[in-house]
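Engineer: Here you go, data-v3.csv (CSV, C-alpha atoms):
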```csv
chain,number,residue,atom,x,y,z
A,1,MET,CA,103.5,69.2,119.3
A,2,THR,CA,106.8,70.0,120.9
A,3,LEU,CA,110.2,71.0,119.6
A,4,TYR,CA,111.3,67.5,120.6
A,5,ALA,CA,108.6,65.9,118.5
A,6,ILE,CA,109.5,68.2,115.5
A,7,THR,CA,113.1,67.2,115.8
A,8,ASP,CA,112.4,63.5,116.1
A,9,ARG,CA,110.2,63.5,113.0
A,10,LEU,CA,112.7,65.5,111.0
A,11,VAL,CA,115.6,63.2,112.0
A,12,CYS,CA,113.7,60.1,111.1
A,13,SER,CA,112.7,61.5,107.7
A,14,LEU,CA,116.3,62.7,106.9
A,15,GLN,CA,117.6,59.2,107.7
A,16,GLN,CA,115.8,58.0,104.6
A,17,MET,CA,117.5,60.4,102.2
A,18,HIS,CA,120.5,59.7,100.0
A,19,PHE,CA,122.5,62.5,98.3
A,20,SER,CA,124.3,62.5,95.0
A,21,ALA,CA,127.5,64.3,94.0
A,22,PRO,CA,129.0,66.7,94.9
A,23,VAL,CA,127.8,65.5,98.4
A,24,ALA,CA,130.0,62.6,99.6
A,25,TRP,CA,129.7,62.9,103.4
A,26,VAL,CA,126.7,63.8,105.5
A,27,TYR,CA,126.7,64.6,109.2
A,28,ASN,CA,123.5,64.9,111.3
A,29,PRO,CA,124.4,66.4,114.8
A,30,LEU,CA,120.8,66.0,115.8
A,31,ASP,CA,121.5,62.3,115.8
A,32,TYR,CA,125.0,61.9,117.2
A,33,ALA,CA,124.8,65.0,119.4
A,34,ALA,CA,121.2,64.5,120.4
A,35,LYS,CA,121.8,65.0,124.2
A,36,PRO,CA,123.3,68.5,124.0
A,37,TYR,CA,120.7,69.6,121.5
A,38,ALA,CA,117.9,68.2,123.8
A,39,THR,CA,119.4,70.2,126.7
A,40,TYR,CA,119.3,73.3,124.5
A,41,LEU,CA,115.6,72.7,123.8
A,42,GLU,CA,114.9,71.9,127.5
A,43,LYS,CA,116.6,75.0,128.8
A,44,TYR,CA,115.7,77.6,126.2
A,45,GLY,CA,112.9,76.4,123.9
A,46,ARG,CA,110.0,75.7,126.2
A,47,ALA,CA,108.0,78.9,125.8
A,48,SER,CA,106.7,81.2,123.1
A,49,LYS,CA,109.1,83.8,121.7
A,50,GLU,CA,109.0,87.2,120.3
A,51,ILE,CA,111.9,86.7,117.8
A,52,VAL,CA,113.2,83.6,116.1
A,53,LEU,CA,116.5,83.8,114.3
A,54,VAL,CA,117.2,81.2,111.7
A,55,GLY,CA,120.6,80.0,110.4
A,56,MET,CA,121.3,77.9,107.4
A,57,ASN,CA,122.9,74.6,108.5
A,58,PRO,CA,125.6,73.3,110.9
A,59,GLY,CA,129.1,74.7,110.7
A,60,PRO,CA,132.0,72.2,111.0
A,61,TRP,CA,133.4,73.8,114.1
A,62,GLY,CA,130.1,74.7,115.7
A,63,MET,CA,126.9,72.7,115.6
A,64,VAL,CA,128.7,69.8,114.1
A,65,GLN,CA,130.7,69.5,117.3
A,66,THR,CA,128.1,70.5,119.9
A,67,GLY,CA,124.6,69.9,118.4
A,68,VAL,CA,123.6,73.5,119.2
A,69,PRO,CA,122.9,76.0,116.4
A,70,PHE,CA,125.9,78.3,115.9
A,71,GLY,CA,127.4,76.2,118.7
A,72,THR,CA,131.0,77.3,119.1
A,73,ILE,CA,132.3,75.3,122.0
A,74,SER,CA,133.3,78.0,124.5
A,75,MET,CA,130.0,79.8,124.3
A,76,VAL,CA,127.9,76.6,124.5
A,77,ARG,CA,129.8,75.3,127.4
A,78,ASP,CA,130.6,78.5,129.4
A,79,TRP,CA,127.7,80.8,128.6
A,80,LEU,CA,124.8,78.5,127.7
A,81,GLN,CA,126.0,76.0,130.3
A,82,ILE,CA,125.4,73.1,128.0
A,83,THR,CA,127.6,70.0,127.8
A,84,GLY,CA,127.0,66.3,127.1
A,85,PRO,CA,128.2,63.3,125.3
A,86,VAL,CA,128.8,63.7,121.6
A,87,GLY,CA,129.1,60.5,119.4
A,88,GLN,CA,130.2,60.2,115.9
A,89,PRO,CA,128.6,60.3,112.4
A,90,GLU,CA,128.2,56.9,110.8
A,91,ARG,CA,130.9,57.9,108.2
A,92,LEU,CA,133.6,60.3,109.3
A,93,HIS,CA,135.8,62.3,106.8
A,94,PRO,CA,139.4,62.4,108.1
A,95,LYS,CA,139.6,66.1,107.4
A,96,ARG,CA,136.3,66.8,109.3
A,97,PRO,CA,136.7,65.1,112.7
A,98,VAL,CA,134.0,65.3,115.4
A,99,LYS,CA,135.6,65.8,118.8
A,100,GLY,CA,132.6,67.3,120.6
A,101,PHE,CA,133.4,69.6,123.5
A,102,ALA,CA,137.1,68.6,123.2
A,103,CYS,CA,137.4,70.3,119.9
A,104,SER,CA,140.0,73.1,120.0
A,105,ARG,CA,138.7,75.1,117.1
A,106,GLU,CA,136.1,77.8,117.3
A,107,GLU,CA,133.4,78.7,114.8
A,108,VAL,CA,133.7,82.4,114.0
A,109,SER,CA,130.0,82.7,113.0
A,110,GLY,CA,128.9,81.1,116.3
A,111,LYS,CA,131.3,83.2,118.3
A,112,ARG,CA,129.9,86.4,116.8
A,113,VAL,CA,126.3,85.4,117.3
A,114,TRP,CA,126.6,84.3,120.9
A,115,ASN,CA,129.0,87.1,121.9
A,116,TRP,CA,126.4,89.5,120.6
A,117,ALA,CA,123.7,87.8,122.7
A,118,LYS,CA,125.9,87.8,125.8
A,119,SER,CA,127.1,91.4,125.5
A,120,ARG,CA,123.5,92.7,124.9
A,121,PHE,CA,121.5,90.5,127.3
A,122,THR,CA,124.2,89.4,129.9
A,123,THR,CA,122.5,86.1,130.8
A,124,PRO,CA,120.9,83.3,128.6
A,125,ARG,CA,117.7,83.6,130.7
A,126,VAL,CA,117.2,87.2,129.6
A,127,PHE,CA,118.1,86.5,126.0
A,128,PHE,CA,115.8,83.5,125.6
A,129,GLU,CA,112.9,85.2,127.2
A,130,ARG,CA,112.5,86.9,123.8
A,131,PHE,CA,114.7,85.1,121.3
A,132,PHE,CA,115.3,81.6,120.0
A,133,ILE,CA,117.9,80.5,117.5
A,134,ALA,CA,117.2,77.6,115.1
A,135,ASN,CA,118.9,76.2,112.0
A,136,TYR,CA,116.9,75.6,108.9
A,137,CYS,CA,118.7,72.4,107.9
A,138,PRO,CA,120.3,70.2,110.5
A,139,LEU,CA,122.6,68.4,108.1
A,140,ALA,CA,126.3,69.2,107.3
A,141,PHE,CA,127.5,68.3,103.8
A,142,PHE,CA,131.0,67.7,102.6
A,143,ASP,CA,132.4,66.8,99.2
A,144,GLU,CA,135.1,64.1,98.6
A,145,GLN,CA,137.9,66.5,99.7
A,146,GLY,CA,136.0,67.4,102.9
A,147,ARG,CA,135.0,70.9,101.7
A,148,ASN,CA,131.9,72.3,103.3
A,149,LEU,CA,128.8,72.4,101.1
A,150,THR,CA,125.9,74.6,102.1
A,151,PRO,CA,122.4,73.3,101.2
A,152,ASP,CA,122.1,75.6,98.2
A,153,LYS,CA,125.2,73.8,96.7
A,154,ILE,CA,123.9,70.3,96.7
A,155,ALA,CA,122.4,68.7,93.6
A,156,ARG,CA,119.2,70.3,92.4
A,157,SER,CA,117.6,66.8,92.3
A,158,ASP,CA,118.2,66.5,96.1
A,159,ARG,CA,117.1,69.9,97.1
A,160,SER,CA,113.4,69.4,96.5
A,161,ASP,CA,113.0,66.6,99.0
A,162,LEU,CA,115.4,68.1,101.5
A,163,PHE,CA,113.8,71.6,101.4
A,164,SER,CA,110.3,70.0,101.7
A,165,LEU,CA,111.2,68.3,105.0
A,166,CYS,CA,113.1,71.3,106.4
A,167,ASP,CA,110.4,73.7,105.4
A,168,GLN,CA,107.8,71.6,107.2
A,169,ALA,CA,109.9,71.4,110.4
A,170,LEU,CA,110.6,75.2,110.3
A,171,LYS,CA,106.9,76.0,109.8
A,172,GLU,CA,106.0,73.7,112.8
A,173,THR,CA,108.7,75.4,114.9
A,174,ILE,CA,107.3,78.8,114.1
A,175,ASP,CA,103.7,77.8,114.7
A,176,LEU,CA,104.8,76.4,118.1
A,177,LEU,CA,106.9,79.4,119.2
A,178,ASP,CA,104.5,81.9,117.7
A,179,PRO,CA,107.0,84.8,117.2
A,180,ARG,CA,106.3,88.3,116.0
A,181,PHE,CA,109.6,88.3,114.0
A,182,VAL,CA,111.2,85.5,112.0
A,183,LEU,CA,114.6,86.7,110.8
A,184,GLY,CA,117.1,84.8,108.6
A,185,PHE,CA,120.8,85.0,108.9
A,186,GLY,CA,121.7,85.5,105.2
A,187,GLN,CA,119.7,85.3,102.0
A,188,PHE,CA,119.3,81.6,101.9
A,189,ALA,CA,117.7,81.3,105.3
A,190,TYR,CA,115.5,84.3,104.5
A,191,ALA,CA,114.3,82.7,101.2
A,192,ARG,CA,113.4,79.5,103.0
A,193,ILE,CA,111.5,81.4,105.7
A,194,GLN,CA,109.5,83.2,102.9
A,195,ALA,CA,108.9,79.9,101.1
A,196,CYS,CA,107.4,78.0,104.1
A,197,LEU,CA,105.6,80.8,106.0
A,198,THR,CA,102.9,81.5,103.5
A,199,ASP,CA,100.1,81.6,106.0
A,200,THR,CA,98.8,85.2,106.0
A,201,THR,CA,96.6,84.7,109.1
A,202,HIS,CA,99.5,85.7,111.3
A,203,ASP,CA,100.9,89.2,111.1
A,204,ARG,CA,104.6,88.2,111.3
A,205,ILE,CA,107.5,90.3,110.2
A,206,LEU,CA,110.0,88.4,108.0
A,207,ASP,CA,113.4,89.8,107.1
A,208,CYS,CA,117.0,89.1,106.3
A,209,LEU,CA,120.0,89.7,108.7
A,210,LEU,CA,123.6,90.0,107.7
A,211,HIS,CA,125.2,86.5,108.0
A,212,PRO,CA,128.0,86.5,110.5
A,213,SER,CA,130.3,84.3,108.4
A,214,PRO,CA,133.9,85.6,108.0
A,215,ALA,CA,133.5,84.6,104.3
A,216,ASN,CA,131.1,87.5,104.1
A,217,PRO,CA,133.3,90.7,103.8
A,218,LYS,CA,130.5,92.9,105.2
A,219,ALA,CA,130.4,90.8,108.3
A,220,ASN,CA,134.0,91.5,109.1
A,221,GLN,CA,133.2,95.2,109.7
A,222,ASN,CA,131.5,95.6,113.1
A,223,TRP,CA,129.0,92.8,112.6
A,224,GLU,CA,127.4,93.2,116.0
A,225,GLN,CA,126.8,96.9,115.5
A,226,GLN,CA,125.3,96.2,112.1
A,227,LEU,CA,122.9,93.6,113.7
A,228,ASP,CA,121.9,96.2,116.3
A,229,HIS,CA,121.1,98.7,113.7
A,230,LYS,CA,119.0,96.2,111.7
A,231,LEU,CA,117.0,95.0,114.7
A,232,THR,CA,116.4,98.6,115.8
A,233,SER,CA,115.1,99.5,112.4
A,234,LEU,CA,112.6,96.6,112.7
A,235,GLY,CA,111.4,98.0,116.0
A,236,ILE,CA,113.1,95.5,118.2
A,237,LYS,CA,114.4,97.3,121.3
A,238,TYR,CA,116.7,95.9,124.0
```
What does this structure look like when you write it as structure tokens?
Structural biologist:
Amino acid sequence: MTLYAITDRLVCSLQQMHFSAPVAWVYNPLDYAAKPYATYLEKYGRASKEIVLVGMNPGPWGMVQTGVPFGTISMVRDWLQITGPVGQPERLHPKRPVKGFACSREEVSGKRVWNWAKSRFTTPRVFFERFFIANYCPLAFFDEQGRNLTPDKIARSDRSDLFSLCDQALKETIDLLDPRFVLGFGQFAYARIQACLTDTTHDRILDCLLHPSPANPKANQNWEQQLDHKLTSLGIKY
């Protein structure tokens, strides 16, 4: 099993899904931005990790554009040194364009996450020796008006199948990377981590981190320092 194989199986399974209202548009950057994501796995996902950080799903100005979790363009291109061709979703909402690395907007959550990594570890090589960042669900959802929908906001009837597929992929990812810590950005990611990592044969530490979204008022007050404090309290030193 490899991260590539896990990704391929998840992409194939998700292609069979259909979503009801309020979801009207679905983007899968693991499909149309497969090459940058494959580069991310090739460069940074090839060894076991001490800490895996898990996000919710792609943001419209981050992973939706680059294929990389929390993938705000400037940090993916300039710090992670990842570029590559980015195609288009099969159906494109006019208010949610995909311009790939030509996109001029930046995802605040992604900028916070990768700025924190850069400022604490200086180089990607040093950061990824211990850490890996994944997203629980690779799909971005939008309603008819183009408003972003997180996975917890889709129809209850759709969640069961979606969560089953994403739970399995996350469990396989964790089994492969074999981290000591599995930490979710926000309550949703943490809840899914708890749901799928029920194997007690591994003494892993699971916990919740403050989500970096600007929609979260607490995250707008020294988010990087709050993350430092939380990781230090868990015994993670750097």
Engineer: Skip Gln15 (chain A) itself and residues of its chain fewer than 3 positions away, then list as a short mmCIF file (atom, residue, chain, number, x, y, z; two decimals) with C-alpha atoms, in the coordinates of the input all residues within 10 Å of it, counting all atoms listed in the file.
Structural biologist:
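Full text of part15.cif as output:
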```cif
data_model
loop_
_atom_site.label_atom_id
_atom_site.label_comp_id
_atom_site.auth_asym_id
_atom_site.auth_seq_id
_atom_site.Cartn_x
_atom_site.Cartn_y
_atom_site.Cartn_z
CA LEU A 10 112.70 65.50 111.00
CA VAL A 11 115.60 63.20 112.00
CA CYS A 12 113.70 60.10 111.10
CA HIS A 18 120.50 59.70 100.00
CA ASN A 28 123.50 64.90 111.30
CA ASP A 31 121.50 62.30 115.80
#
```
Engineer: Under the rule that only C-alpha atoms are counted, which of A:Pro124, A:Pro97, A:Pro179, A:Pro217 is the nearest residue to Ser48 (chain A)?
Structural biologist: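 Among the listed residues, the smallest separation from Ser48 (chain A) belongs to A:Pro179.
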Engineer: Could you check the closest approach to Asp143 (chain A) for each of A:Lys95, A:Leu176, A:Met75, A:Pro36 and tell me which residue wins, using all atoms listed in the file?
Structural biologist: A:Lys95
Engineer: Go through A:Phe128, A:Trp79, A:Tyr27, A:Phe121 and flag the residue nearest Arg91 (chain A), using only C-alpha atoms for the distances.
Structural biologist: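 That would be A:Tyr27, the residue with the smallest distance to Arg91 (chain A).
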Engineer: Calculate how many Å separate CA of Phe101 (chain A) from CA of Phe19 (chain A), rounding to one decimal.
Structural biologist: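 Between these atoms lies a distance of 28.4 Å.
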Engineer: Hey, which of A:Ser213, A:Gln81, A:Ser20, A:Gln88 ends up closest to Gly110 (chain A)? Count all atoms listed in the file.
Structural biologist: A:Ser213
Engineer: Separation of CA of Val23 (chain A) and CA of Asp152 (chain A), in Å?
Structural biologist: 11.6 Å
Engineer: Pick the closest to Ala21 (chain A) from A:Asn220, A:Gln194, A:Gln225, A:Ser157: which is it, counting only C-alpha atoms?
Structural biologist: A:Ser157
